[in-house]
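Novice: Just upload_27.cif, nothing more (mmCIF, C-alpha atoms):
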data_structure
loop_
_atom_site.label_atom_id
_atom_site.label_comp_id
_atom_site.auth_asym_id
_atom_site.auth_seq_id
_atom_site.Cartn_x
_atom_site.Cartn_y
_atom_site.Cartn_z
CA MET A 1 2.15 -24.64 -21.05
CA ARG A 2 1.15 -20.97 -21.01
CA ILE A 3 -0.22 -21.25 -17.45
CA LYS A 4 2.99 -22.92 -16.26
CA ILE A 5 5.05 -20.05 -17.71
CA TYR A 6 2.83 -17.42 -16.06
CA SER A 7 2.93 -19.29 -12.73
CA GLY A 8 6.73 -19.45 -12.72
CA PHE A 9 6.94 -15.74 -13.55
CA ILE A 10 4.59 -14.91 -10.67
CA ILE A 11 6.50 -17.01 -8.15
CA LEU A 12 9.74 -15.22 -9.04
CA LEU A 13 8.10 -11.83 -8.64
CA LEU A 14 6.44 -12.66 -5.34
CA CYS A 15 9.72 -13.92 -3.93
CA GLY A 16 11.46 -10.68 -4.82
CA THR A 17 8.90 -8.06 -3.94
CA ALA A 18 10.10 -7.37 -0.41
CA ALA A 19 13.18 -5.64 -1.81
CA LYS A 20 13.03 -2.05 -3.01
CA ALA A 21 14.48 -1.07 -6.35
CA GLN A 22 16.42 1.93 -5.12
CA HIS A 23 16.99 3.89 -1.93
CA GLY A 24 16.97 7.63 -2.40
CA LEU A 25 14.34 9.21 -0.14
CA ASN A 26 15.06 10.74 3.24
CA SER A 27 11.75 11.30 5.03
CA ILE A 28 11.91 12.37 8.67
CA TYR A 29 8.37 11.05 9.11
CA SER A 30 9.57 7.48 8.55
CA ALA A 31 11.73 7.69 11.71
CA TYR A 32 8.75 7.28 14.05
CA GLY A 33 7.03 4.10 15.25
CA ILE A 34 7.25 1.30 12.68
CA GLY A 35 7.86 3.76 9.86
CA ASP A 36 5.81 5.66 7.31
CA LEU A 37 2.49 3.79 7.10
CA GLU A 38 1.22 3.18 3.56
CA THR A 39 -2.24 4.64 2.81
CA ARG A 40 -2.31 4.43 -1.00
CA ASP A 41 -3.55 1.61 -3.19
CA TYR A 42 -1.38 0.81 -6.20
CA SER A 43 -3.99 -0.89 -8.34
CA ARG A 44 -6.33 0.81 -10.80
CA ASN A 45 -7.77 2.63 -7.76
CA PHE A 46 -4.70 4.90 -7.62
CA GLY A 47 -5.96 7.50 -10.10
CA LEU A 48 -9.20 7.75 -8.11
CA GLY A 49 -7.35 9.01 -5.05
CA SER A 50 -6.86 5.37 -3.93
CA THR A 51 -10.63 5.06 -3.54
CA GLY A 52 -12.56 1.81 -3.98
CA ILE A 53 -14.11 0.34 -0.81
CA ALA A 54 -17.49 0.16 -2.57
CA ARG A 55 -16.11 -0.66 -6.04
CA ARG A 56 -17.25 -4.05 -7.32
CA HIS A 57 -15.48 -4.50 -10.63
CA SER A 58 -14.54 -7.74 -12.39
CA GLY A 59 -11.67 -6.21 -14.37
CA TYR A 60 -9.00 -5.78 -11.69
CA LEU A 61 -7.92 -6.90 -8.20
CA ASN A 62 -9.27 -4.54 -5.53
CA GLU A 63 -7.62 -5.17 -2.16
CA LEU A 64 -9.32 -2.13 -0.59
CA ASN A 65 -12.25 -4.47 0.12
CA PRO A 66 -11.81 -8.27 0.05
CA ALA A 67 -15.54 -8.69 -0.65
CA SER A 68 -14.87 -7.39 -4.18
CA TYR A 69 -13.16 -10.67 -5.15
CA SER A 70 -16.52 -12.44 -5.26
CA VAL A 71 -17.14 -10.80 -8.65
CA LEU A 72 -13.97 -12.10 -10.35
CA PRO A 73 -14.85 -13.73 -13.68
CA ASN A 74 -15.13 -17.51 -13.93
CA GLN A 75 -12.23 -19.48 -15.46
CA ASN A 76 -10.05 -16.38 -15.52
CA PHE A 77 -6.60 -15.97 -14.05
CA MET A 78 -5.55 -12.41 -13.13
CA PHE A 79 -2.17 -11.01 -12.22
CA ASP A 80 -0.83 -7.50 -11.74
CA VAL A 81 2.39 -5.80 -10.70
CA SER A 82 3.04 -2.13 -9.83
CA LEU A 83 6.04 0.20 -9.60
CA LYS A 84 6.18 3.73 -8.20
CA ALA A 85 8.61 6.50 -9.15
CA GLN A 86 8.74 9.43 -6.74
CA GLN A 87 10.31 12.88 -6.68
CA VAL A 88 10.19 14.86 -3.41
CA ASN A 89 11.28 18.38 -2.48
CA TYR A 90 11.96 18.99 1.22
CA SER A 91 11.78 22.40 2.88
CA GLY A 92 12.00 23.54 6.48
CA SER A 93 14.17 25.37 8.96
CA GLY A 94 17.60 25.37 7.26
CA ILE A 95 16.48 22.62 4.86
CA SER A 96 16.07 22.77 1.10
CA GLN A 97 16.78 19.62 -0.88
CA SER A 98 15.23 17.06 -3.19
CA ALA A 99 15.36 13.31 -3.66
CA GLY A 100 13.99 10.64 -5.97
CA ASP A 101 13.33 6.94 -5.77
CA VAL A 102 11.80 3.98 -7.63
CA ASN A 103 10.13 1.21 -5.63
CA PHE A 104 8.29 -2.02 -6.22
CA LYS A 105 4.80 -1.54 -4.78
CA ARG A 106 2.62 -4.57 -5.42
CA ALA A 107 2.33 -8.03 -6.93
CA ALA A 108 -1.00 -9.83 -6.81
CA LEU A 109 -2.88 -12.68 -8.44
CA GLY A 110 -6.51 -13.71 -8.35
CA PHE A 111 -8.98 -16.27 -9.67
CA LYS A 112 -12.44 -17.71 -9.10
CA ALA A 113 -12.34 -20.81 -6.89
CA ALA A 114 -16.09 -21.43 -7.21
CA LYS A 115 -19.12 -19.67 -8.65
CA PHE A 116 -19.63 -17.74 -5.41
CA TRP A 117 -15.98 -17.56 -4.22
CA GLY A 118 -13.03 -15.48 -5.43
CA ILE A 119 -9.45 -15.58 -4.13
CA SER A 120 -6.53 -13.17 -4.35
CA ALA A 121 -3.00 -13.33 -2.94
CA GLY A 122 -0.21 -10.81 -3.04
CA ILE A 123 2.46 -8.77 -1.32
CA ALA A 124 2.95 -5.02 -0.87
CA PRO A 125 4.81 -2.64 1.46
CA PHE A 126 2.93 -1.81 4.67
CA SER A 127 5.39 0.71 6.11
CA THR A 128 8.70 2.25 5.04
CA VAL A 129 11.75 3.34 7.04
CA ASP A 130 14.18 5.47 5.03
CA TYR A 131 15.92 8.41 6.69
CA LYS A 132 19.26 9.95 7.63
CA LEU A 133 19.49 12.44 10.48
CA LEU A 134 22.44 14.70 11.31
CA ASN A 135 22.54 16.12 14.82
CA GLN A 136 25.28 18.45 16.05
CA GLN A 137 26.52 17.77 19.59
CA PHE A 138 29.31 19.20 21.73
CA MET A 139 32.03 17.17 23.41
CA THR A 140 32.16 17.44 27.18
CA GLY A 141 35.15 19.40 28.43
CA THR A 142 36.21 20.80 25.06
CA GLY A 143 33.00 22.27 23.70
CA ALA A 144 34.07 21.14 20.23
CA PRO A 145 31.12 20.35 17.91
CA VAL A 146 30.73 16.85 16.52
CA THR A 147 28.07 15.45 14.19
CA GLU A 148 26.01 12.45 15.22
CA THR A 149 24.62 10.55 12.21
CA THR A 150 21.59 8.26 12.53
CA THR A 151 20.37 6.19 9.61
CA GLY A 152 17.17 4.16 9.40
CA THR A 153 16.20 1.52 6.82
CA GLY A 154 13.65 -1.24 6.41
CA GLY A 155 9.92 -1.37 7.00
CA PHE A 156 7.11 -3.90 7.14
CA ASN A 157 5.69 -5.83 4.21
CA ARG A 158 2.16 -7.20 3.95
CA ALA A 159 1.68 -10.63 2.40
CA TYR A 160 -1.96 -11.62 2.16
CA ILE A 161 -4.54 -14.15 1.04
CA SER A 162 -8.01 -12.67 0.57
CA ASN A 163 -11.33 -14.43 0.01
CA GLY A 164 -14.58 -12.91 -1.25
CA PHE A 165 -17.95 -14.70 -1.07
CA GLN A 166 -21.14 -13.74 -2.90
CA LEU A 167 -24.04 -14.46 -0.53
CA SER A 168 -26.75 -13.16 -2.85
CA LYS A 169 -27.15 -11.32 -6.12
CA ASN A 170 -26.53 -7.99 -4.41
CA PHE A 171 -24.47 -8.76 -1.30
CA SER A 172 -20.91 -10.02 -0.80
CA VAL A 173 -18.56 -10.43 2.16
CA GLY A 174 -14.83 -11.07 2.40
CA VAL A 175 -11.87 -11.48 4.69
CA SER A 176 -8.18 -10.77 4.15
CA THR A 177 -5.63 -12.76 6.14
CA ALA A 178 -2.39 -10.81 6.11
CA PHE A 179 1.07 -11.39 7.55
CA LEU A 180 3.00 -8.28 8.52
CA PHE A 181 6.75 -8.82 8.64
CA GLY A 182 10.03 -7.04 8.14
CA PRO A 183 13.06 -5.30 9.71
CA LEU A 184 13.38 -1.90 11.38
CA ASN A 185 17.10 -1.07 11.38
CA THR A 186 18.91 1.94 12.81
CA SER A 187 22.63 2.68 12.91
CA LYS A 188 24.43 5.51 14.68
CA TYR A 189 27.97 6.90 14.81
CA THR A 190 29.47 10.14 16.10
CA GLY A 191 32.02 12.32 14.29
CA SER A 192 34.83 10.31 12.76
CA ASP A 193 34.29 7.43 15.18
CA SER A 194 35.08 4.15 13.45
CA LEU A 195 32.58 2.27 15.65
CA GLN A 196 28.95 2.06 14.64
CA THR A 197 26.05 1.11 16.93
CA GLN A 198 23.30 -0.86 15.19
CA ARG A 199 19.89 -1.68 16.59
CA ASP A 200 18.09 -4.20 14.40
CA LYS A 201 14.45 -5.03 15.08
CA TYR A 202 12.28 -7.62 13.39
CA GLY A 203 8.57 -8.31 13.68
CA PHE A 204 6.08 -10.85 12.36
CA LYS A 205 2.37 -10.89 13.09
CA PRO A 206 -0.87 -11.90 11.34
CA ASN A 207 -3.54 -9.25 10.81
CA PHE A 208 -7.14 -9.55 9.62
CA THR A 209 -9.46 -7.32 7.62
CA ALA A 210 -13.17 -8.00 7.01
CA GLY A 211 -15.26 -6.39 4.31
CA ALA A 212 -18.78 -6.25 2.89
CA GLN A 213 -20.32 -4.83 -0.29
CA TYR A 214 -23.83 -4.20 -1.54
CA THR A 215 -24.72 -3.36 -5.15
CA GLY A 216 -28.12 -2.68 -6.68
CA LYS A 217 -29.82 -0.66 -9.39
CA ILE A 218 -31.39 2.65 -8.43
CA ASN A 219 -32.95 3.18 -11.87
CA LYS A 220 -32.68 1.85 -15.42
CA ASP A 221 -29.17 3.17 -16.03
CA TRP A 222 -27.45 3.70 -12.68
CA GLN A 223 -26.15 1.25 -10.13
CA LEU A 224 -25.36 2.04 -6.49
CA GLY A 225 -22.55 0.39 -4.54
CA LEU A 226 -21.98 0.54 -0.79
CA GLY A 227 -18.97 -0.89 1.02
CA ALA A 228 -17.52 -1.24 4.51
CA THR A 229 -14.26 -2.65 5.93
CA TYR A 230 -12.83 -3.29 9.38
CA ARG A 231 -9.15 -4.02 10.09
CA PHE A 232 -8.64 -5.62 13.49
CA GLN A 233 -6.21 -4.31 16.11
CA THR A 234 -2.87 -6.11 16.21
CA LYS A 235 -0.17 -6.05 18.89
CA MET A 236 3.24 -6.63 17.33
CA LYS A 237 6.26 -8.05 19.16
CA LEU A 238 9.56 -6.63 17.94
CA GLN A 239 12.69 -8.70 18.57
CA GLU A 240 15.79 -6.52 18.90
CA THR A 241 19.53 -7.11 18.55
CA LEU A 242 22.23 -4.65 19.60
CA ASN A 243 25.32 -4.87 17.45
CA ILE A 244 28.54 -2.79 17.56
CA VAL A 245 30.72 -3.02 14.45
CA ASP A 246 33.97 -1.45 13.30
CA GLN A 247 34.62 0.36 10.01
CA ASN A 248 35.20 -2.99 8.26
CA GLY A 249 31.82 -4.32 9.33
CA THR A 250 33.32 -6.73 11.86
CA SER A 251 31.05 -7.31 14.84
CA LEU A 252 32.70 -6.40 18.15
CA TYR A 253 29.66 -6.87 20.36
CA ASN A 254 26.33 -8.59 19.77
CA LYS A 255 23.51 -9.16 22.23
CA GLU A 256 19.80 -9.88 22.09
CA GLN A 257 17.74 -7.16 23.79
CA ASP A 258 14.40 -7.37 25.55
CA PRO A 259 11.61 -7.25 22.95
CA SER A 260 9.49 -4.17 22.47
CA TYR A 261 5.87 -3.93 21.39
CA PHE A 262 3.90 -1.80 18.96
CA THR A 263 0.11 -1.88 18.67
CA LEU A 264 -1.44 -1.31 15.28
CA PRO A 265 -4.95 0.08 15.86
CA ALA A 266 -8.25 -1.01 14.46
CA GLU A 267 -9.38 0.82 11.32
CA TYR A 268 -12.83 1.07 9.82
CA GLY A 269 -13.76 2.31 6.38
CA ALA A 270 -16.88 3.08 4.37
CA GLY A 271 -17.40 3.81 0.69
CA ILE A 272 -19.97 4.61 -1.95
CA ALA A 273 -19.94 4.11 -5.73
CA LEU A 274 -22.30 5.20 -8.51
CA THR A 275 -21.91 3.95 -12.09
CA ASN A 276 -23.79 3.66 -15.35
CA GLY A 277 -21.05 1.60 -16.99
CA THR A 278 -19.46 4.63 -18.64
CA VAL A 279 -19.16 7.15 -15.80
CA THR A 280 -18.25 6.01 -12.28
CA TRP A 281 -18.00 8.14 -9.13
CA VAL A 282 -16.50 6.77 -5.91
CA ALA A 283 -15.82 8.15 -2.41
CA ASP A 284 -14.21 6.60 0.69
CA TYR A 285 -13.68 7.42 4.35
CA ARG A 286 -11.20 5.59 6.59
CA HIS A 287 -10.62 6.11 10.31
CA GLN A 288 -7.80 4.72 12.49
CA LEU A 289 -8.45 4.32 16.24
CA TRP A 290 -5.18 5.39 17.88
CA ASN A 291 -6.42 7.48 20.83
CA SER A 292 -6.92 4.60 23.27
CA LEU A 293 -3.54 2.96 22.58
CA ASN A 294 -1.18 5.56 24.10
CA GLU A 295 1.47 4.81 21.48
CA LYS A 296 4.17 7.47 21.72
CA GLY A 297 7.88 8.17 21.87
CA PRO A 298 10.07 10.91 23.36
CA THR A 299 9.34 13.38 20.51
CA TYR A 300 6.14 12.07 18.92
CA SER A 301 2.74 10.51 19.59
CA TYR A 302 -0.23 9.07 17.74
CA GLN A 303 -3.86 10.11 17.73
CA ASP A 304 -6.86 9.11 15.66
CA GLY A 305 -6.23 9.54 11.94
CA GLU A 306 -8.65 9.77 9.05
CA ARG A 307 -8.57 9.79 5.27
CA PHE A 308 -11.12 11.20 2.81
CA SER A 309 -10.86 10.41 -0.90
CA THR A 310 -12.98 10.64 -4.01
CA GLY A 311 -12.61 10.12 -7.74
CA ILE A 312 -14.39 9.96 -11.07
CA GLU A 313 -13.77 7.58 -13.96
CA TYR A 314 -14.81 7.68 -17.61
CA THR A 315 -14.69 4.49 -19.69
CA LEU A 316 -14.56 4.34 -23.47
CA LYS A 317 -16.10 1.23 -25.01
CA ARG A 318 -14.53 -0.82 -27.80
CA GLN A 319 -15.78 -3.53 -30.15
CA TYR A 320 -14.02 -6.89 -30.52
CA PHE A 321 -15.59 -9.71 -32.55
CA ASN A 322 -19.04 -8.11 -32.31
CA GLN A 323 -18.81 -7.81 -28.54
CA THR A 324 -18.42 -4.67 -26.40
CA PHE A 325 -15.44 -4.48 -24.04
CA GLU A 326 -13.88 -1.92 -21.75
CA GLY A 327 -11.45 0.26 -23.70
CA THR A 328 -9.43 3.26 -22.54
CA VAL A 329 -10.21 4.41 -18.98
CA LEU A 330 -9.61 8.00 -17.78
CA GLN A 331 -9.54 8.95 -14.09
CA ALA A 332 -9.19 11.93 -11.74
CA GLY A 333 -9.17 11.91 -7.94
CA PHE A 334 -8.45 13.76 -4.71
CA SER A 335 -7.42 12.69 -1.20
CA TYR A 336 -7.00 14.32 2.20
CA ASN A 337 -5.14 12.31 4.82
CA ARG A 338 -4.96 13.47 8.43
CA SER A 339 -2.13 11.21 9.53
CA PRO A 340 -2.16 9.75 13.07
CA LEU A 341 1.44 10.94 13.55
CA VAL A 342 1.85 13.99 15.81
CA VAL A 343 5.25 15.77 15.91
CA SER A 344 5.85 18.98 17.91
CA SER A 345 2.13 19.07 18.76
CA THR A 346 1.30 19.14 15.03
CA GLN A 347 -0.70 16.39 13.36
CA ILE A 348 0.80 15.66 9.95
CA LYS A 349 -1.55 16.21 7.00
CA ASP A 350 -1.23 14.99 3.41
CA ILE A 351 -3.25 16.48 0.51
CA SER A 352 -2.98 15.32 -3.09
CA GLY A 353 -4.66 15.13 -6.49
CA THR A 354 -4.40 12.22 -8.93
CA LEU A 355 -4.86 11.35 -12.60
CA GLY A 356 -4.90 7.92 -14.21
CA VAL A 357 -5.25 6.23 -17.57
CA SER A 358 -5.68 2.51 -18.33
CA LEU A 359 -5.05 1.21 -21.85
CA PRO A 360 -5.93 -2.29 -23.11
CA SER A 361 -3.94 -4.43 -25.49
CA LYS A 362 -5.52 -5.38 -28.80
CA ASN A 363 -6.98 -8.65 -27.52
CA GLY A 364 -7.80 -7.28 -24.05
CA GLN A 365 -5.64 -9.76 -22.13
CA LEU A 366 -3.21 -7.08 -20.98
CA ARG A 367 -3.85 -3.63 -19.53
CA TYR A 368 -1.26 -0.93 -19.05
CA TYR A 369 -1.94 1.65 -16.36
CA VAL A 370 -0.22 4.95 -15.55
CA GLY A 371 -1.20 7.04 -12.53
CA LEU A 372 0.11 10.47 -11.55
CA GLU A 373 -0.14 12.17 -8.16
CA ALA A 374 0.96 15.59 -6.95
CA GLY A 375 0.64 16.71 -3.36
CA GLN A 376 2.08 18.06 -0.16
CA ARG A 377 2.68 16.50 3.24
CA GLY A 378 3.63 18.19 6.51
CA THR A 379 4.55 21.78 7.19
CA THR A 380 7.53 23.83 8.30
CA GLY A 381 8.41 24.42 11.95
CA THR A 382 10.39 22.91 14.80
CA ALA A 383 11.31 19.30 13.94
CA LEU A 384 8.92 19.53 10.95
CA VAL A 385 9.55 19.29 7.23
CA LYS A 386 7.24 20.11 4.31
CA GLU A 387 7.36 17.52 1.54
CA THR A 388 6.14 18.50 -1.93
CA TYR A 389 5.99 15.43 -4.12
CA VAL A 390 5.11 13.97 -7.50
CA ASN A 391 4.42 10.24 -7.81
CA ALA A 392 4.10 8.16 -10.97
CA VAL A 393 2.67 4.64 -10.77
CA PHE A 394 3.06 2.03 -13.51
CA ASN A 395 0.81 -1.02 -13.37
CA PHE A 396 0.84 -4.06 -15.63
CA SER A 397 -2.24 -6.29 -15.50
CA LEU A 398 -2.74 -9.71 -17.11
CA ARG A 399 -6.06 -11.47 -17.55
CA ASP A 400 -6.11 -14.90 -19.16
CA ILE A 401 -8.42 -17.89 -19.43
CA TRP A 402 -7.58 -20.61 -16.94
CA PHE A 403 -8.56 -24.30 -17.01
CA PHE A 404 -9.27 -23.93 -20.73
CA LYS A 405 -9.43 -27.15 -22.74
CA ARG A 406 -9.01 -27.18 -26.47
CA LEU A 407 -11.96 -28.62 -28.40
CA SER A 408 -9.55 -30.80 -30.34
CA GLN A 409 -8.38 -32.62 -27.23
#
Output the structure of this file as structure tokens.

Specialist:
Amino acid sequence: MRIKIYSGFIILLLCGTAAKAQHGLNSIYSAYGIGDLETRDYSRNFGLGSTGIARRHSGYLNELNPASYSVLPNQNFMFDVSLKAQQVNYSGSGISQSAGDVNFKRAALGFKAAKFWGISAGIAPFSTVDYKLLNQQFMTGTGAPVTETTTGTGGFNRAYISNGFQLSKNFSVGVSTAFLFGPLNTSKYTGSDSLQTQRDKYGFKPNFTAGAQYTGKINKDWQLGLGATYRFQTKMKLQETLNIVDQNGTSLYNKEQDPSYFTLPAEYGAGIALTNGTVTWVADYRHQLWNSLNEKGPTYSYQDGERFSTGIEYTLKRQYFNQTFEGTVLQAGFSYNRSPLVVSSTQIKDISGTLGVSLPSKNGQLRYYVGLEAGQRGTTGTALVKETYVNAVFNFSLRDIWFFKRLSQ
């Protein structure tokens, strides 16, 4: 009965995760390409600077490397869900404002299908479009100024099924089969014009990521972990509809447009982890191969991007029925992201620091996680905005025994 209740709860959550809780941000950097590409991981890795390619841990679901699922515990069912609250201050030429938002960021489940095989499935945002631009223009013949308003919403989601396989005591491999899908919507009107021009795009495309992990002892107390991932290049077809509506939302004109295409580049990553069971240090490097794709627009372009991150974790042990379990976990991390987006000949950079704490319930079935991040993205200048932000992530994780039969049965 308990498993049926959990399963129904998970299905409801997975069906609803594509929708955001609120809309309050207004990031100019989400107006380019397919939106603001997500680089953070909203699991327990968050407080480590979203680092974990080499992390092989049986206590949580680590989508940064699908090979990690090979270590999921037998006869255990795992589920987690994450929310992010964000506060951003924007500054630039003639700009000084702030905004806040709360968004659903992840729902995932995992279990061991066989002694050597672990599976996880979930859904999370892949990119976000959320902006409103005001541009002053002048009417021909009169010279009178009018304001053109352009609004963008939507973004891509990533639904995935990942498999991890343990090939030997020390070596595991994995593959994540993902489906990228979602709308990219823009609407535009000028001055007090009652007509609004809408361009609605929609894309759907599978995408694949492969991973490998090695773990082994380097002495009596310390264990070394090495990890690598490779996300394959994907060319996405975007179907587009042009729609003109009046102030009541009535469609006056609707026509399918020729499709456009966007190529998501290959990305490779590498990581290292050192742990003695109490102290864990991790570091990752990820590199996106944009240079050969020639993806660009009238005011922007893409070039190779890279992300460095590192973090340290300290675990307090606890006793439960004469056994030792993982208790409170404390984390600190740092990340430097050189985004592939180039605006006004400036490549956008994002630097942040993170803290995290994970607390177990009394019986260890539930874990409550809070992660904090403070950082800065972008800079001031022509067509540029500096974003100073604080993020708070809340993660709820369930771990329960599956396929358990009572002795009395």

Novice: Starting from 8 Å padding per side, set up an axis-aligned box that covers all listed atoms of segment 356-371 of chain A and hand over centre and edge lengths in Å, one decimal, as AutoDock Vina command-line options.

Specialist:
--center_x -4.0 --center_y -0.9 --center_z -20.7 --size_x 23.6 --size_y 33.7 --size_z 32.3

Novice: Given the file above and the PyMOL selection byres ((chain A and resi 258) around 9), which residues are selected, and can you give them as a PDB file with C-alpha atoms, in the coordinates of the input?

Specialist:
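This is the output file expr02.pdb:
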ATOM      1  CA  GLN A 239      12.690  -8.700  18.570  1.00  0.00           C
ATOM      2  CA  GLU A 240      15.790  -6.520  18.900  1.00  0.00           C
ATOM      3  CA  THR A 241      19.530  -7.110  18.550  1.00  0.00           C
ATOM      4  CA  GLU A 256      19.800  -9.880  22.090  1.00  0.00           C
ATOM      5  CA  GLN A 257      17.740  -7.160  23.790  1.00  0.00           C
ATOM      6  CA  PRO A 259      11.610  -7.250  22.950  1.00  0.00           C
ATOM      7  CA  SER A 260       9.490  -4.170  22.470  1.00  0.00           C
TER       8      SER A 260
END

Novice: Go through the shown structure with the PyMOL selection byres ((chain A and resi 62) around 9) and write out the matching residues as a list in words.

Specialist: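 On this input, the PyMOL selection byres ((chain A and resi 62) around 9) captures Asp41, Ser43, Arg44, Asn45, Gly52, Ile53, Arg55, Arg56, His57, Tyr60, Leu61, Glu63, Leu64, Asn65, Pro66, Ala67, Ser68 and Tyr69 of chain A.
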
Novice: Evaluate the PyMOL selection byres ((chain A and resi 187-201) around 10) and record the selected residues as a PyMOL selection string, following the chain and residue labels used in the document.

Specialist: chain A and resi 34+132-137+145-155+182-186+202-203+237-254+256-257+259-260

Novice: So, with only C-alpha atoms as the atoms that count, which of A:Ile351, A:Val129, A:Ala54, A:Ala114 lies closest to Thr215 of chain A?

Specialist: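 Ranking A:Ile351, A:Val129, A:Ala54, A:Ala114 by distance to Thr215 of chain A, first place goes to A:Ala54.
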
Novice: Which one is closest to Val342 of chain A: A:Ile123, A:Tyr29, A:Gly327, A:Phe104? Count all atoms listed in the file.

Specialist: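 Closest to Val342 of chain A of all the choices is A:Tyr29.
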
Novice: Looking at all atoms listed in the file, which of A:Asp101, A:Thr354, A:Gly33, A:Phe308 is the one that sits closest to Met236 of chain A?

Specialist: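 Smallest distance to Met236 of chain A is found for A:Gly33.
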
Novice: Excluding same-chain residues fewer than 5 positions from Thr278 of chain A, what lies within 9 Å of it counting all atoms listed in the file, as a compact mmCIF listing (two decimals) with C-alpha atoms, in the frame of the given file?

Specialist:
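Done, and the output landed in result39.txt:
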# COMPACT_ATOMS: atom_id res chain seq x y z
CA GLU A 313 -13.77 7.58 -13.96
CA TYR A 314 -14.81 7.68 -17.61
CA THR A 315 -14.69 4.49 -19.69
CA LEU A 316 -14.56 4.34 -23.47
CA LYS A 317 -16.10 1.23 -25.01

Novice: Show me the residues around (-11.8, -15.1, -6.4) - criterion: an atom at most 10 Å away, only C-alpha atoms counted - as a count of residues only.

Specialist: 31

Novice: Residues within 6 Å of segment 283-287 of chain A, please, as a PyMOL selection string. Count only C-alpha atoms; anything in the same chain fewer than 2 positions from it doesn't count.

Specialist: chain A and resi 51+267-272+305-310

Novice: Mind pulling up the distance from atom CA of Pro206 of chain A to atom CA of Gln233 of chain A?

Specialist: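 Here the two named atoms are 10.4 Å from each other.
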
Novice: Do you know which residues are at most 7 Å from Ala124 of chain A counting all atoms listed in the file, after dropping those on the same chain fewer than 2 positions away, and could you put them as a PyMOL selection string?

Specialist: chain A and resi 105-107+122+126+157-159

Novice: Nearest to Lys84 of chain A: which of A:Val102, A:Gln97, A:Asp36, A:Ser27 is it, counting only C-alpha atoms?

Specialist: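 Closest candidate: A:Val102.
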
Novice: Using all atoms listed in the file, find the one residue out of A:Tyr369, A:Gly378, A:Ala210, A:Ser292 that sits nearest to Ala392 of chain A.

Specialist: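 Looking only at the distances to Ala392 of chain A, the closest residue turns out to be A:Tyr369.
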
Novice: Calculated over only C-alpha atoms, which of the candidates A:Thr263, A:Ser127, A:Asn103, A:Ser339 has the smallest distance to Glu295 of chain A?

Specialist: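 Going through A:Thr263, A:Ser127, A:Asn103, A:Ser339 one by one, the smallest distance to Glu295 of chain A is for A:Thr263.
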
Novice: Hey, what's within 7 Å of Trp281 of chain A if we count all atoms listed in the file and toss same-chain stuff fewer than 6 positions away? As a PyMOL selection string, please?

Specialist: chain A and resi 273-275+311-313

Novice: Please indicate the distance in Å from atom CA of Lys349 of chain A to atom CA of Asn395 of chain A, rounded to one decimal place.

Specialist: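 According to the coordinates, atom CA of Lys349 of chain A and atom CA of Asn395 of chain A are separated by 26.8 Å.
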
Novice: Kindly give the distance, in Å, that separates atom CA of Glu373 of chain A and atom CA of Leu359 of chain A, rounded to a single decimal.

Specialist: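 Separating atom CA of Glu373 of chain A from atom CA of Leu359 of chain A is a distance of 18.2 Å.
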
Novice: Write out as a ChimeraX atom specification each polymer residue whose atoms come within 6 Å of Tyr300 of chain A, counting all atoms listed in the file; drop sequence neighbours fewer than 3 positions from it.

Specialist: /A:296-297,342-343

Novice: List as a list in words the residues having at least one atom at most 12 Å from position (-4.0, -7.5, -23.8) as given in the file, counting all atoms listed in the file.

Specialist: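 Nearby residues: Met78, Phe325, Glu326, Gly327, Ser358, Leu359, Pro360, Ser361, Lys362, Asn363, Gly364, Gln365, Leu366, Arg367, Tyr368, Tyr369, Phe396, Ser397, Leu398, Arg399 and Asp400 of chain A.
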